[in-house]
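Novice: Structure file my_file.tsv (TSV, C-alpha atoms and all ligand atoms) right here:
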chain	number	residue	atom	x	y	z
A	18	MET	CA	-0.61	73.89	123.80
A	19	ALA	CA	-2.81	75.41	121.10
A	20	LYS	CA	-4.74	73.07	118.85
A	21	ARG	CA	-3.45	72.29	115.40
A	22	ALA	CA	-4.78	70.33	112.42
A	23	VAL	CA	-2.91	67.07	111.87
A	24	VAL	CA	-3.39	64.44	109.16
A	25	THR	CA	-4.75	61.18	110.59
A	26	GLY	CA	-6.16	59.52	107.47
A	27	TRP	CA	-5.64	59.42	103.74
A	28	GLY	CA	-7.16	57.65	100.75
A	29	LYS	CA	-7.48	57.95	97.01
A	30	CYS	CA	-9.64	56.67	94.19
A	31	VAL	CA	-8.36	56.75	90.64
A	32	PRO	CA	-10.48	55.27	87.85
A	33	PRO	CA	-9.01	52.23	86.09
A	34	THR	CA	-9.12	53.29	82.42
A	35	THR	CA	-5.92	54.89	81.12
A	36	LEU	CA	-5.29	57.31	78.29
A	37	THR	CA	-1.71	56.68	77.20
A	38	ASN	CA	0.65	58.84	75.20
A	39	ALA	CA	0.27	56.29	72.37
A	40	ASP	CA	-3.50	56.87	72.45
A	41	LEU	CA	-2.92	60.64	72.20
A	42	GLU	CA	-0.65	60.10	69.18
A	43	ARG	CA	-3.79	58.84	67.40
A	44	LEU	CA	-5.72	62.01	68.28
A	45	CYS	CA	-3.34	64.91	67.71
A	46	ASP	CA	0.11	65.81	66.41
A	47	THR	CA	2.15	64.77	69.42
A	48	ASN	CA	4.47	61.96	70.45
A	49	ASP	CA	5.39	59.92	73.49
A	50	GLN	CA	8.94	61.24	73.72
A	51	TRP	CA	7.89	64.91	73.60
A	52	ILE	CA	5.24	64.43	76.27
A	53	ILE	CA	7.57	62.54	78.62
A	54	GLU	CA	10.44	65.03	78.18
A	55	ARG	CA	8.24	68.14	78.57
A	56	THR	CA	5.84	66.94	81.27
A	57	GLY	CA	6.95	63.61	82.81
A	58	ILE	CA	3.52	62.13	82.01
A	59	GLN	CA	3.03	58.69	80.43
A	60	SER	CA	-0.67	58.17	81.02
A	61	ARG	CA	-3.70	59.68	82.74
A	62	ARG	CA	-6.99	58.22	84.02
A	63	ILE	CA	-10.38	58.78	82.43
A	64	SER	CA	-13.36	58.15	84.67
A	65	HIS	CA	-16.34	55.96	83.74
A	66	VAL	CA	-18.27	57.20	86.82
A	67	GLU	CA	-19.22	60.62	88.18
A	68	GLY	CA	-16.67	62.59	90.21
A	69	THR	CA	-18.83	62.19	93.31
A	70	ASP	CA	-18.38	58.39	93.05
A	71	LEU	CA	-14.60	58.84	93.03
A	72	ALA	CA	-14.86	61.28	95.96
A	73	GLU	CA	-17.00	58.86	97.97
A	74	LEU	CA	-14.57	55.96	97.68
A	75	ALA	CA	-11.53	58.13	98.45
A	76	ALA	CA	-13.42	59.49	101.48
A	77	ARG	CA	-14.38	56.01	102.76
A	78	ARG	CA	-10.75	54.92	102.42
A	79	ALA	CA	-9.50	57.99	104.32
A	80	LEU	CA	-12.05	57.50	107.10
A	81	ALA	CA	-11.05	53.83	107.48
A	82	CYS	CA	-7.39	54.87	107.53
A	83	ALA	CA	-8.16	57.32	110.35
A	84	GLY	CA	-10.27	54.76	112.21
A	85	LEU	CA	-13.26	57.14	112.22
A	86	GLN	CA	-16.95	56.82	111.45
A	87	ALA	CA	-18.59	59.35	109.14
A	88	THR	CA	-20.70	60.53	112.11
A	89	ASP	CA	-17.46	61.64	113.84
A	90	LEU	CA	-16.96	64.40	111.23
A	91	ASP	CA	-17.75	68.06	111.98
A	92	LEU	CA	-17.03	69.33	108.49
A	93	ILE	CA	-16.56	68.14	104.90
A	94	ILE	CA	-14.83	70.34	102.32
A	95	VAL	CA	-14.63	69.24	98.70
A	96	ALA	CA	-12.09	71.03	96.52
A	97	THR	CA	-13.03	70.82	92.86
A	98	CYS	CA	-13.32	72.92	89.72
A	99	THR	CA	-15.33	70.21	87.91
A	100	PRO	CA	-18.29	69.57	90.24
A	101	GLU	CA	-20.89	67.07	89.14
A	102	LEU	CA	-23.52	69.74	89.81
A	103	LEU	CA	-23.12	73.34	90.89
A	104	CYS	CA	-25.93	72.98	93.43
A	105	PRO	CA	-26.22	70.88	95.51
A	106	SER	CA	-22.49	70.81	96.14
A	107	VAL	CA	-20.41	67.65	95.86
A	108	ALA	CA	-19.69	68.03	99.59
A	109	THR	CA	-23.37	67.85	100.54
A	110	MET	CA	-23.97	64.87	98.22
A	111	LEU	CA	-20.99	63.21	99.88
A	112	GLN	CA	-22.29	64.04	103.36
A	113	ASP	CA	-25.52	62.27	102.48
A	114	ARG	CA	-23.85	59.21	100.95
A	115	LEU	CA	-21.45	58.80	103.88
A	116	GLY	CA	-24.14	59.46	106.49
A	117	ALA	CA	-22.01	62.22	108.02
A	118	THR	CA	-25.05	63.66	109.75
A	119	GLU	CA	-23.10	65.90	112.15
A	120	ALA	CA	-20.96	67.54	109.47
A	121	ALA	CA	-21.29	70.91	107.77
A	122	ALA	CA	-20.36	70.65	104.09
A	123	PHE	CA	-19.30	72.93	101.26
A	124	ASP	CA	-17.36	72.95	97.98
A	125	LEU	CA	-14.38	75.17	97.36
A	126	ASN	CA	-13.04	76.19	93.96
A	127	ALA	CA	-9.48	77.44	93.81
A	128	ALA	CA	-8.65	75.19	90.81
A	129	CYS	CA	-5.36	73.33	91.34
A	130	SER	CA	-4.76	75.19	94.62
A	131	GLY	CA	-8.07	73.92	96.04
A	132	PHE	CA	-6.58	71.41	98.46
A	133	ILE	CA	-4.25	74.05	99.93
A	134	TYR	CA	-7.09	76.57	100.28
A	135	SER	CA	-9.19	73.83	101.93
A	136	THR	CA	-6.39	72.98	104.34
A	137	ALA	CA	-6.12	76.68	105.23
A	138	ASN	CA	-9.86	76.68	106.05
A	139	VAL	CA	-9.50	73.52	108.13
A	140	THR	CA	-6.57	75.01	110.00
A	141	GLY	CA	-8.58	78.09	110.95
A	142	MET	CA	-11.64	76.08	111.95
A	143	ILE	CA	-9.67	73.62	114.07
A	144	GLU	CA	-7.52	76.30	115.73
A	145	SER	CA	-10.62	78.35	116.55
A	146	GLY	CA	-12.33	75.32	118.10
A	147	PHE	CA	-15.16	75.24	115.53
A	148	ALA	CA	-14.19	71.77	114.28
A	149	GLU	CA	-12.29	68.76	115.63
A	150	ARG	CA	-12.48	66.27	112.77
A	151	VAL	CA	-12.62	67.34	109.14
A	152	LEU	CA	-12.66	65.47	105.84
A	153	VAL	CA	-11.11	67.23	102.84
A	154	VAL	CA	-11.57	65.68	99.40
A	155	GLY	CA	-10.02	66.88	96.16
A	156	VAL	CA	-11.81	65.51	93.12
A	157	GLU	CA	-11.83	66.25	89.40
A	158	LYS	CA	-13.42	64.84	86.28
A	159	LEU	CA	-11.36	67.05	84.03
A	160	HIS	CA	-11.64	65.02	80.86
A	161	VAL	CA	-14.98	66.69	80.17
A	162	ALA	CA	-13.16	69.99	79.57
A	163	MET	CA	-10.47	68.43	77.39
A	164	ASP	CA	-10.58	68.72	73.65
A	165	TYR	CA	-8.42	65.65	72.96
A	166	ARG	CA	-7.42	66.95	69.55
A	167	ASP	CA	-5.92	70.08	71.15
A	168	ARG	CA	-2.37	69.00	71.96
A	169	ALA	CA	-1.77	72.06	74.13
A	170	THR	CA	-4.10	70.75	76.85
A	171	SER	CA	-5.02	67.11	76.18
A	172	ILE	CA	-1.64	65.73	77.21
A	173	LEU	CA	-1.71	67.16	80.72
A	174	PHE	CA	-4.88	66.45	82.65
A	175	GLY	CA	-6.56	63.40	84.21
A	176	ASP	CA	-9.40	62.37	86.53
A	177	GLY	CA	-9.17	61.22	90.15
A	178	ALA	CA	-9.92	61.86	93.80
A	179	GLY	CA	-7.88	62.05	96.99
A	180	ALA	CA	-9.06	62.50	100.57
A	181	VAL	CA	-7.44	63.48	103.84
A	182	VAL	CA	-8.80	63.47	107.40
A	183	TYR	CA	-7.54	66.24	109.67
A	184	GLU	CA	-8.01	66.06	113.44
A	185	ALA	CA	-7.33	68.53	116.21
A	186	THR	CA	-4.19	67.80	118.22
A	187	ASP	CA	-2.17	69.52	120.94
A	188	SER	CA	0.81	67.20	120.39
A	189	GLY	CA	2.89	69.85	118.62
A	190	ALA	CA	2.34	68.17	115.24
A	191	GLY	CA	0.06	69.55	112.54
A	192	VAL	CA	-0.15	72.63	110.32
A	193	LEU	CA	2.47	75.21	111.37
A	194	SER	CA	1.95	77.87	108.71
A	195	VAL	CA	-0.03	78.76	105.61
A	196	ASP	CA	0.50	81.06	102.66
A	197	LEU	CA	-2.36	81.83	100.26
A	198	GLY	CA	-2.68	84.24	97.37
A	199	ALA	CA	-4.43	85.05	94.13
A	200	ASP	CA	-4.06	87.31	91.11
A	201	GLY	CA	-7.34	87.56	89.27
A	202	SER	CA	-5.81	89.86	86.65
A	203	LYS	CA	-4.10	86.77	85.16
A	204	GLY	CA	-7.25	84.64	85.28
A	205	GLY	CA	-7.47	84.60	81.49
A	206	THR	CA	-4.54	82.17	81.25
A	207	MET	CA	-6.74	79.18	82.22
A	208	VAL	CA	-10.45	79.36	81.56
A	209	VAL	CA	-13.38	76.93	81.44
A	210	ARG	CA	-16.58	78.82	80.71
A	211	ALA	CA	-19.23	76.11	81.01
A	212	MET	CA	-19.31	73.27	83.51
A	213	GLY	CA	-21.35	70.77	85.50
A	214	THR	CA	-20.16	67.25	84.66
A	215	ARG	CA	-23.13	64.97	85.46
A	216	GLY	CA	-24.53	62.60	82.84
A	217	ASP	CA	-24.08	63.98	79.33
A	218	PRO	CA	-22.17	67.13	80.25
A	219	TYR	CA	-22.09	68.39	76.67
A	220	TRP	CA	-25.78	68.81	76.12
A	221	GLY	CA	-26.74	72.34	75.20
A	222	LYS	CA	-23.26	73.82	75.54
A	223	PRO	CA	-21.06	75.01	72.67
A	224	PRO	CA	-17.68	73.20	72.35
A	225	GLU	CA	-15.64	76.42	72.21
A	226	GLU	CA	-16.99	77.38	75.63
A	227	THR	CA	-16.67	73.96	77.21
A	228	ARG	CA	-13.07	73.18	76.39
A	229	LEU	CA	-10.22	74.43	78.51
A	230	HIS	CA	-8.60	77.57	77.17
A	231	PHE	CA	-5.02	77.51	78.32
A	232	GLU	CA	-1.83	79.55	77.84
A	233	GLY	CA	0.70	76.87	78.71
A	234	GLN	CA	3.95	78.82	78.53
A	235	ALA	CA	2.61	81.78	80.50
A	236	VAL	CA	1.24	79.44	83.14
A	237	PHE	CA	4.52	77.54	83.28
A	238	LYS	CA	6.54	80.66	84.13
A	239	ILE	CA	4.04	82.00	86.64
A	240	ALA	CA	3.83	78.56	88.28
A	241	VAL	CA	7.57	78.15	88.82
A	242	GLN	CA	7.94	81.64	90.34
A	243	GLY	CA	4.69	81.40	92.28
A	244	ILE	CA	5.32	78.03	93.90
A	245	ALA	CA	8.85	78.91	94.97
A	246	ALA	CA	7.80	82.29	96.41
A	247	SER	CA	4.76	80.91	98.22
A	248	ALA	CA	6.63	77.97	99.78
A	249	THR	CA	9.39	80.36	100.87
A	250	ARG	CA	6.86	82.62	102.64
A	251	ALA	CA	5.23	79.63	104.37
A	252	LEU	CA	8.62	78.34	105.54
A	253	GLU	CA	9.56	81.79	106.85
A	254	ARG	CA	6.27	81.96	108.78
A	255	ALA	CA	7.05	78.58	110.34
A	256	GLY	CA	10.58	79.77	111.19
A	257	LEU	CA	12.16	77.02	109.10
A	258	ASP	CA	14.89	76.77	106.47
A	259	ALA	CA	14.62	74.70	103.32
A	260	ASP	CA	17.21	72.25	104.64
A	261	GLU	CA	14.88	71.36	107.54
A	262	VAL	CA	12.19	70.09	105.13
A	263	ASP	CA	11.88	66.30	104.90
A	264	LEU	CA	9.42	66.11	102.03
A	265	VAL	CA	7.77	68.50	99.58
A	266	ILE	CA	4.47	67.22	98.19
A	267	PRO	CA	3.72	69.64	95.33
A	268	HIS	CA	0.74	69.94	93.04
A	269	GLN	CA	1.51	67.60	90.15
A	270	ALA	CA	1.19	70.01	87.20
A	271	ASN	CA	4.26	69.12	85.20
A	272	ALA	CA	7.46	67.34	86.28
A	273	ARG	CA	9.54	70.24	84.93
A	274	ILE	CA	7.56	72.84	86.90
A	275	ILE	CA	8.07	70.78	90.06
A	276	ASP	CA	11.77	70.36	89.36
A	277	SER	CA	12.41	74.05	88.58
A	278	ALA	CA	10.36	75.35	91.51
A	279	THR	CA	11.89	73.03	94.12
A	280	ARG	CA	15.41	73.72	92.84
A	281	LYS	CA	14.70	77.44	93.33
A	282	LEU	CA	13.74	76.56	96.90
A	283	GLY	CA	17.04	74.73	97.34
A	284	ILE	CA	15.41	71.32	97.80
A	285	GLU	CA	16.89	68.44	95.82
A	286	PRO	CA	14.71	65.87	93.97
A	287	GLY	CA	15.20	63.20	96.66
A	288	ARG	CA	13.07	65.31	99.05
A	289	VAL	CA	10.28	65.93	96.52
A	290	PHE	CA	7.38	63.53	95.96
A	291	VAL	CA	6.37	63.10	92.31
A	292	ASN	CA	3.65	60.72	91.06
A	293	ILE	CA	2.60	62.51	87.88
A	294	GLU	CA	3.82	59.74	85.55
A	295	ASN	CA	0.62	57.67	85.48
A	296	LEU	CA	-1.95	60.23	86.63
A	297	GLY	CA	-1.20	63.50	84.86
A	298	ASN	CA	-2.42	66.73	86.41
A	299	THR	CA	-5.56	66.00	88.45
A	300	ALA	CA	-5.94	69.65	89.64
A	301	ALA	CA	-7.45	69.83	93.15
A	302	ALA	CA	-7.10	66.06	93.56
A	303	SER	CA	-3.38	65.92	92.93
A	304	ILE	CA	-2.03	66.80	96.40
A	305	PRO	CA	-4.35	64.52	98.42
A	306	ILE	CA	-3.66	61.68	95.96
A	307	ALA	CA	0.08	62.38	96.34
A	308	ILE	CA	-0.23	62.43	100.15
A	309	ALA	CA	-1.91	59.00	100.02
A	310	ASP	CA	0.72	57.63	97.65
A	311	ALA	CA	3.58	59.08	99.72
A	312	ALA	CA	2.15	57.66	102.96
A	313	ASP	CA	1.48	54.26	101.40
A	314	ALA	CA	5.02	54.22	99.97
A	315	GLY	CA	6.51	54.79	103.45
A	316	ARG	CA	7.83	58.25	102.53
A	317	LEU	CA	6.38	59.90	105.67
A	318	GLU	CA	7.79	59.35	109.16
A	319	PRO	CA	6.43	60.65	112.49
A	320	GLY	CA	7.58	64.24	113.03
A	321	ASP	CA	8.60	64.80	109.41
A	322	MET	CA	8.50	68.40	108.24
A	323	VAL	CA	6.30	68.44	105.14
A	324	VAL	CA	5.59	71.25	102.64
A	325	LEU	CA	2.50	71.16	100.43
A	326	THR	CA	2.51	73.71	97.63
A	327	ALA	CA	0.27	74.43	94.65
A	328	PHE	CA	-0.53	76.80	91.87
A	329	GLY	CA	-3.62	76.94	89.70
A	330	GLY	CA	-6.32	78.70	87.71
A	331	GLY	CA	-7.71	81.97	88.95
A	332	ILE	CA	-4.82	82.40	89.27
A	333	THR	CA	-4.34	81.11	92.79
A	334	TRP	CA	-1.47	79.74	94.83
A	335	GLY	CA	-0.78	78.47	98.29
A	336	SER	CA	1.57	76.51	100.55
A	337	VAL	CA	1.27	74.73	103.86
A	338	VAL	CA	4.05	73.69	106.24
A	339	MET	CA	3.12	70.84	108.58
A	340	ARG	CA	4.80	68.56	111.05
A	341	TRP	CA	3.55	65.03	110.29
A	342	GLY	CA	1.89	63.31	113.25
A	343	ASP	CA	2.29	59.76	114.54
A	344	ARG	CA	0.06	58.08	111.98
A	345	VAL	CA	2.11	56.37	109.31
A	346	GLN	CA	0.09	53.14	109.07
A	347	PRO	CA	-3.65	53.06	108.38
A	348	VAL	CA	-5.85	52.10	111.33
A	349	GLY	CA	-8.19	50.24	108.98
A	350	VAL	CA	-8.81	49.56	105.30
A	351	HIS	CA	-12.05	50.13	103.39
A	352	GLU	CA	-12.49	47.19	101.02
A	353	GLY	CA	-15.02	48.76	98.60
A	354	GLU	CA	-14.20	49.25	94.93
A	355	LEU	CA	-15.63	51.29	92.07
A	356	GLU	CA	-18.24	49.58	89.93
A	357	PRO	CA	-16.22	47.65	87.32
A	358	THR	CA	-16.20	48.66	83.66
A	359	ASP	CA	-15.24	46.92	80.45
A	360	ALA	CA	-15.41	50.17	78.47
A	361	THR	CA	-12.30	50.94	76.41
A	362	ILE	CA	-10.73	54.39	76.41
A	363	TRP	CA	-12.36	54.94	73.01
A	364	ASP	CA	-15.78	54.07	74.42
A	365	LEU	CA	-15.27	56.59	77.23
A	366	LEU	CA	-14.08	59.33	74.89
A	367	GLU	CA	-16.67	58.75	72.16
A	368	SER	CA	-19.09	61.52	73.12
A	369	ASN	CA	-16.21	63.86	73.93
A	370	LEU	CA	-14.59	63.43	70.49
A	371	GLU	CA	-17.93	63.83	68.77
A	372	PHE	CA	-18.70	66.98	70.75
A	373	TYR	CA	-15.41	68.70	69.95
A	374	ALA	CA	-15.28	67.49	66.30
A	375	PRO	CA	-16.70	70.78	64.86
A	376	LEU	CA	-13.59	72.60	66.14
A	377	HIS	CA	-11.44	70.30	63.95
A	378	ALA	CA	-13.54	70.17	60.81
A	379	ASP	CA	-10.58	71.30	58.62
A	380	GLU	CA	-8.12	68.77	60.04
A	381	PRO	CA	-7.45	65.17	58.97
A	382	PRO	CA	-9.67	62.57	60.67
A	383	VAL	CA	-8.58	60.77	63.82
A	384	ASN	CA	-6.31	57.71	63.16
A	401	LIG	C1	1.89	72.94	78.06
A	401	LIG	C2	3.39	72.70	78.25
A	401	LIG	C3	3.62	71.23	78.60
A	401	LIG	C4	4.12	73.00	76.95
A	401	LIG	O1	5.50	72.80	77.15
A	401	LIG	P1	6.56	73.86	76.64
A	401	LIG	O2	7.88	73.32	76.96
A	401	LIG	O3	6.16	75.19	77.22
A	401	LIG	O4	6.36	73.79	75.10
A	401	LIG	P2	6.16	75.01	74.09
A	401	LIG	O5	4.74	75.49	74.17
A	401	LIG	O6	7.29	75.99	74.29
A	401	LIG	O7	6.37	74.29	72.70
A	401	LIG	C5	7.65	73.82	72.28
A	401	LIG	C6	7.50	73.19	70.93
A	401	LIG	O8	6.77	71.96	71.04
A	401	LIG	C7	5.58	72.02	70.24
A	401	LIG	N1	4.51	71.37	70.99
A	401	LIG	C8	3.63	71.97	71.84
A	401	LIG	N2	2.81	71.04	72.35
A	401	LIG	C9	3.17	69.85	71.82
A	401	LIG	C10	2.69	68.54	71.98
A	401	LIG	N3	1.67	68.22	72.79
A	401	LIG	N4	3.32	67.56	71.29
A	401	LIG	C11	4.34	67.83	70.46
A	401	LIG	N5	4.84	69.06	70.27
A	401	LIG	C12	4.25	70.06	70.96
A	401	LIG	C13	5.33	73.50	70.01
A	401	LIG	O9	4.59	73.71	68.85
A	401	LIG	C14	6.73	74.06	69.94
A	401	LIG	O10	7.23	73.79	68.65
A	401	LIG	P3	8.19	74.86	67.94
A	401	LIG	O11	9.39	74.99	68.83
A	401	LIG	O12	8.46	74.22	66.62
A	401	LIG	O13	7.39	76.12	67.85
A	401	LIG	C15	3.95	73.59	79.37
A	401	LIG	O14	3.92	74.94	78.98
A	401	LIG	C16	3.21	73.48	80.68
A	401	LIG	O15	3.25	72.43	81.30
A	401	LIG	N6	2.57	74.59	81.12
A	401	LIG	C17	1.89	74.63	82.41
A	401	LIG	C18	0.97	73.53	82.52
A	401	LIG	C19	0.13	73.39	83.73
A	401	LIG	O16	0.22	72.40	84.35
A	401	LIG	N7	-0.75	74.28	84.05
A	401	LIG	C20	-1.67	74.08	85.10
A	401	LIG	C21	-1.06	74.59	86.33
A	401	LIG	S1	-2.10	74.12	87.62
Give the structure from this file in structure tokens form.

Specialist:
Amino acid sequence: MAKRAVVTGWGKCVPPTTLTNADLERLCDTNDQWIIERTGIQSRRISHVEGTDLAELAARRALACAGLQATDLDLIIVATCTPELLCPSVATMLQDRLGATEAAAFDLNAACSGFIYSTANVTGMIESGFAERVLVVGVEKLHVAMDYRDRATSILFGDGAGAVVYEATDSGAGVLSVDLGADGSKGGTMVVRAMGTRGDPYWGKPPEETRLHFEGQAVFKIAVQGIAASATRALERAGLDADEVDLVIPHQANARIIDSATRKLGIEPGRVFVNIENLGNTAAASIPIAIADAADAGRLEPGDMVVLTAFGGGITWGSVVMRWGDRVQPVGVHEGELEPTDATIWDLLESNLEFYAPLHADEPPVN
């Protein structure tokens, strides 16, 4: 039987400090009830470390889960639109930290669709025989691009990392089909002009270019249509109907987008995994974090038919249909933790608020 890419390990690393809806009420004209009703989000995480630190811990956890050493890897792909540096890539920094001396490594930017695009790459490389064991990490330190006094964007996004190990198998499990697409003509709906998040990411960059420009309503409509259409094409390619799907693990953009898109697909909420409540939208990290949470929560059984689907800046979209393999319990556990912090959310946001303050000079001061 032909080789396929199957998930054999998963892990996540979310920073401990939370930004709650109550905190946001102190920063802009919003309220807890509105945010919960319109997005399903109660809090998001703000990182006190670099994104590469989050990626490293998620990767070590996924490797332990798969029972692999870093030297077993042939390839590392990091999906991110907020890399710590543009060059060298996060993937090569990670390769060095892990000691994955046999692995090729590169970053991939397809915004929130990055994990799906990465999985498509892995599928091709495993099916062609180029790679046998691949680590994919989705990581974002999005808070750098958030102007927390802009209620249109600040309520949605958070930091985090998720990692998945794919291995070649001829068991019949693994990725069955992929759908990818892009429409650059609509790229203006989500734009970050300046980036590179290491250290003091604001130095030398103007605030109006650093903050996320975002057309929420336009994105909402495109996302609902795009996710439903893409997942439908992937299911057709796999020769499956929606009623044969055991679990959809969608990009966690907004609980209402997920609900509308999966209803269009004919899949009821009980077969959809949602963990947006305490993480917000973590862009490329959201699907691998959700895979780890779903696996750890016992939502994945051997042989389950799983759909991953995402939509993001670019604009880009993609879906993957996979038959889950035998691994539903981790082989091992990595015990490491992030360096602890006693910084409050206000400590972590201090330089951010100061940086974006000129854009709010005519508004009342923060509460
Ligand atoms: C941003 C988003 C949550 C806004 O939700 P929405 O239901 O479209 O809300 P609207 O923009 O229609 O605004 C509705 C009302 O709430 C107000 N409002 C907007 N943001 C608000 C906020 N944060 N708090 C309180 N009120 C808010 C608006 O001013 C408007 O008031 P009005 O009716 O008096 O004019 C939603 O459009 C969205 O999630 N878009 C896609 C997001 C996304 O995840 N993109 C990335 C994809 S990877």

Novice: Residues within 6 Å of ligand LIG 401 (chain A) should be enumerated using all atoms listed in the file and returned as a PyMOL selection string.

Specialist: chain A and resi 47-48+51+55-56+129+168-169+233-234+236-237+270-271+328-329

Novice: If you count all atoms listed in the file, which residues fall within 9 Å of stretch 64-67 of chain A, apart from same-chain ones fewer than 4 positions away, as a compact mmCIF listing (two decimals) with C-alpha atoms, in the frame of the given file?

Specialist:
# COMPACT_ATOMS: atom_id res chain seq x y z
CA VAL A 31 -8.36 56.75 90.64
CA PRO A 32 -10.48 55.27 87.85
CA PRO A 33 -9.01 52.23 86.09
CA THR A 34 -9.12 53.29 82.42
CA THR A 35 -5.92 54.89 81.12
CA LEU A 71 -14.60 58.84 93.03
CA ALA A 72 -14.86 61.28 95.96
CA GLU A 101 -20.89 67.07 89.14
CA LYS A 158 -13.42 64.84 86.28
CA HIS A 160 -11.64 65.02 80.86
CA GLY A 175 -6.56 63.40 84.21
CA ASP A 176 -9.40 62.37 86.53
CA GLY A 177 -9.17 61.22 90.15
CA THR A 214 -20.16 67.25 84.66
CA ARG A 215 -23.13 64.97 85.46
CA GLY A 216 -24.53 62.60 82.84
CA LEU A 355 -15.63 51.29 92.07
CA GLU A 356 -18.24 49.58 89.93
CA THR A 358 -16.20 48.66 83.66
CA ALA A 360 -15.41 50.17 78.47
CA LEU A 365 -15.27 56.59 77.23

Novice: Which residues are near A:Cys82? Cut-off 6 Å, all atoms listed in the file, ignore same chain within fewer than 6 positions. Put them as a list in words.

Specialist: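 My list of contacting residues is Gly26, Pro347, Val348, Gly349 and Val350 of chain A.
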
Novice: Mind dumping the selected residues with C-alpha atoms as a compact mmCIF listing (two decimals), in the coordinates of the input?

Specialist:
# COMPACT_ATOMS: atom_id res chain seq x y z
CA GLY A 26 -6.16 59.52 107.47
CA PRO A 347 -3.65 53.06 108.38
CA VAL A 348 -5.85 52.10 111.33
CA GLY A 349 -8.19 50.24 108.98
CA VAL A 350 -8.81 49.56 105.30

Novice: Sort by chain and increasing residue number a table of all residues of stretch 83-158 of chain A within 9 Å of stretch 193-210 of chain A, each with its closest pair of atoms and their distance in Å to one decimal, counting all atoms listed in the file, and write it as a tab-separated table.

Specialist:
residue	atom	partner	partner_atom	distance
A:Ile133	CA	A:Leu197	CA	8.0
A:Tyr134	CA	A:Leu197	CA	7.1
A:Thr136	CA	A:Val195	CA	8.7
A:Ala137	CA	A:Val195	CA	6.4
A:Thr140	CA	A:Val195	CA	8.7

Novice: What does the structure give for the distance between atom CA of A:Leu80 and atom CA of A:Gly141, in Å to one decimal?

Specialist: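 Atom CA of A:Leu80 sits 21.2 Å away from atom CA of A:Gly141.
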
Novice: Taking all atoms listed in the file into account, which of A:Ala96, A:Ala314, A:Ala251, A:Ala307 comes nearest A:Pro267?

Specialist: A:Ala307

Novice: Between A:Ile293, A:Met18, A:Val323, A:Val24, which has the minimum distance to A:Arg344 (counting all atoms listed in the file)?

Specialist: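 Of all the options, A:Val24 lies closest to A:Arg344.
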
Novice: Quote the spacing between atom CA of A:Ala122 and atom CA of A:Gly191 in Å to one decimal place.

Specialist: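 Separating atom CA of A:Ala122 from atom CA of A:Gly191 is a distance of 22.1 Å.
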
Novice: Work out how far apart atom CA of A:Thr227 and atom CA of A:Ala211 are and give it in Å to one decimal.

Specialist: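 If I compute the distance from atom CA of A:Thr227 to atom CA of A:Ala211, I get 5.1 Å.
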
Novice: Would you mind completing stretch 362-373 of chain A to N, CA and C atoms and writing the output as a CSV table (one decimal), in the frame of the given file?

Specialist:
chain,number,residue,atom,x,y,z
A,362,ILE,N,-10.9,52.9,76.4
A,362,ILE,CA,-10.7,54.4,76.4
A,362,ILE,C,-11.5,55.1,75.3
A,363,TRP,N,-11.6,54.3,74.2
A,363,TRP,CA,-12.4,54.9,73.0
A,363,TRP,C,-13.9,55.0,73.3
A,364,ASP,N,-14.4,54.0,74.0
A,364,ASP,CA,-15.8,54.1,74.4
A,364,ASP,C,-16.0,55.3,75.3
A,365,LEU,N,-15.1,55.5,76.3
A,365,LEU,CA,-15.3,56.6,77.2
A,365,LEU,C,-15.1,58.0,76.6
A,366,LEU,N,-14.3,58.0,75.5
A,366,LEU,CA,-14.1,59.3,74.9
A,366,LEU,C,-15.0,59.6,73.7
A,367,GLU,N,-15.9,58.6,73.4
A,367,GLU,CA,-16.7,58.8,72.2
A,367,GLU,C,-17.5,60.1,72.1
A,368,SER,N,-18.2,60.3,73.2
A,368,SER,CA,-19.1,61.5,73.1
A,368,SER,C,-18.2,62.8,73.2
A,369,ASN,N,-17.1,62.7,73.9
A,369,ASN,CA,-16.2,63.9,73.9
A,369,ASN,C,-15.7,64.2,72.5
A,370,LEU,N,-15.2,63.2,71.8
A,370,LEU,CA,-14.6,63.4,70.5
A,370,LEU,C,-15.6,63.9,69.5
A,371,GLU,N,-16.8,63.4,69.6
A,371,GLU,CA,-17.9,63.8,68.8
A,371,GLU,C,-18.3,65.3,69.1
A,372,PHE,N,-18.3,65.6,70.3
A,372,PHE,CA,-18.7,67.0,70.8
A,372,PHE,C,-17.7,68.0,70.2
A,373,TYR,N,-16.4,67.7,70.3
A,373,TYR,CA,-15.4,68.7,70.0
A,373,TYR,C,-15.1,68.6,68.4
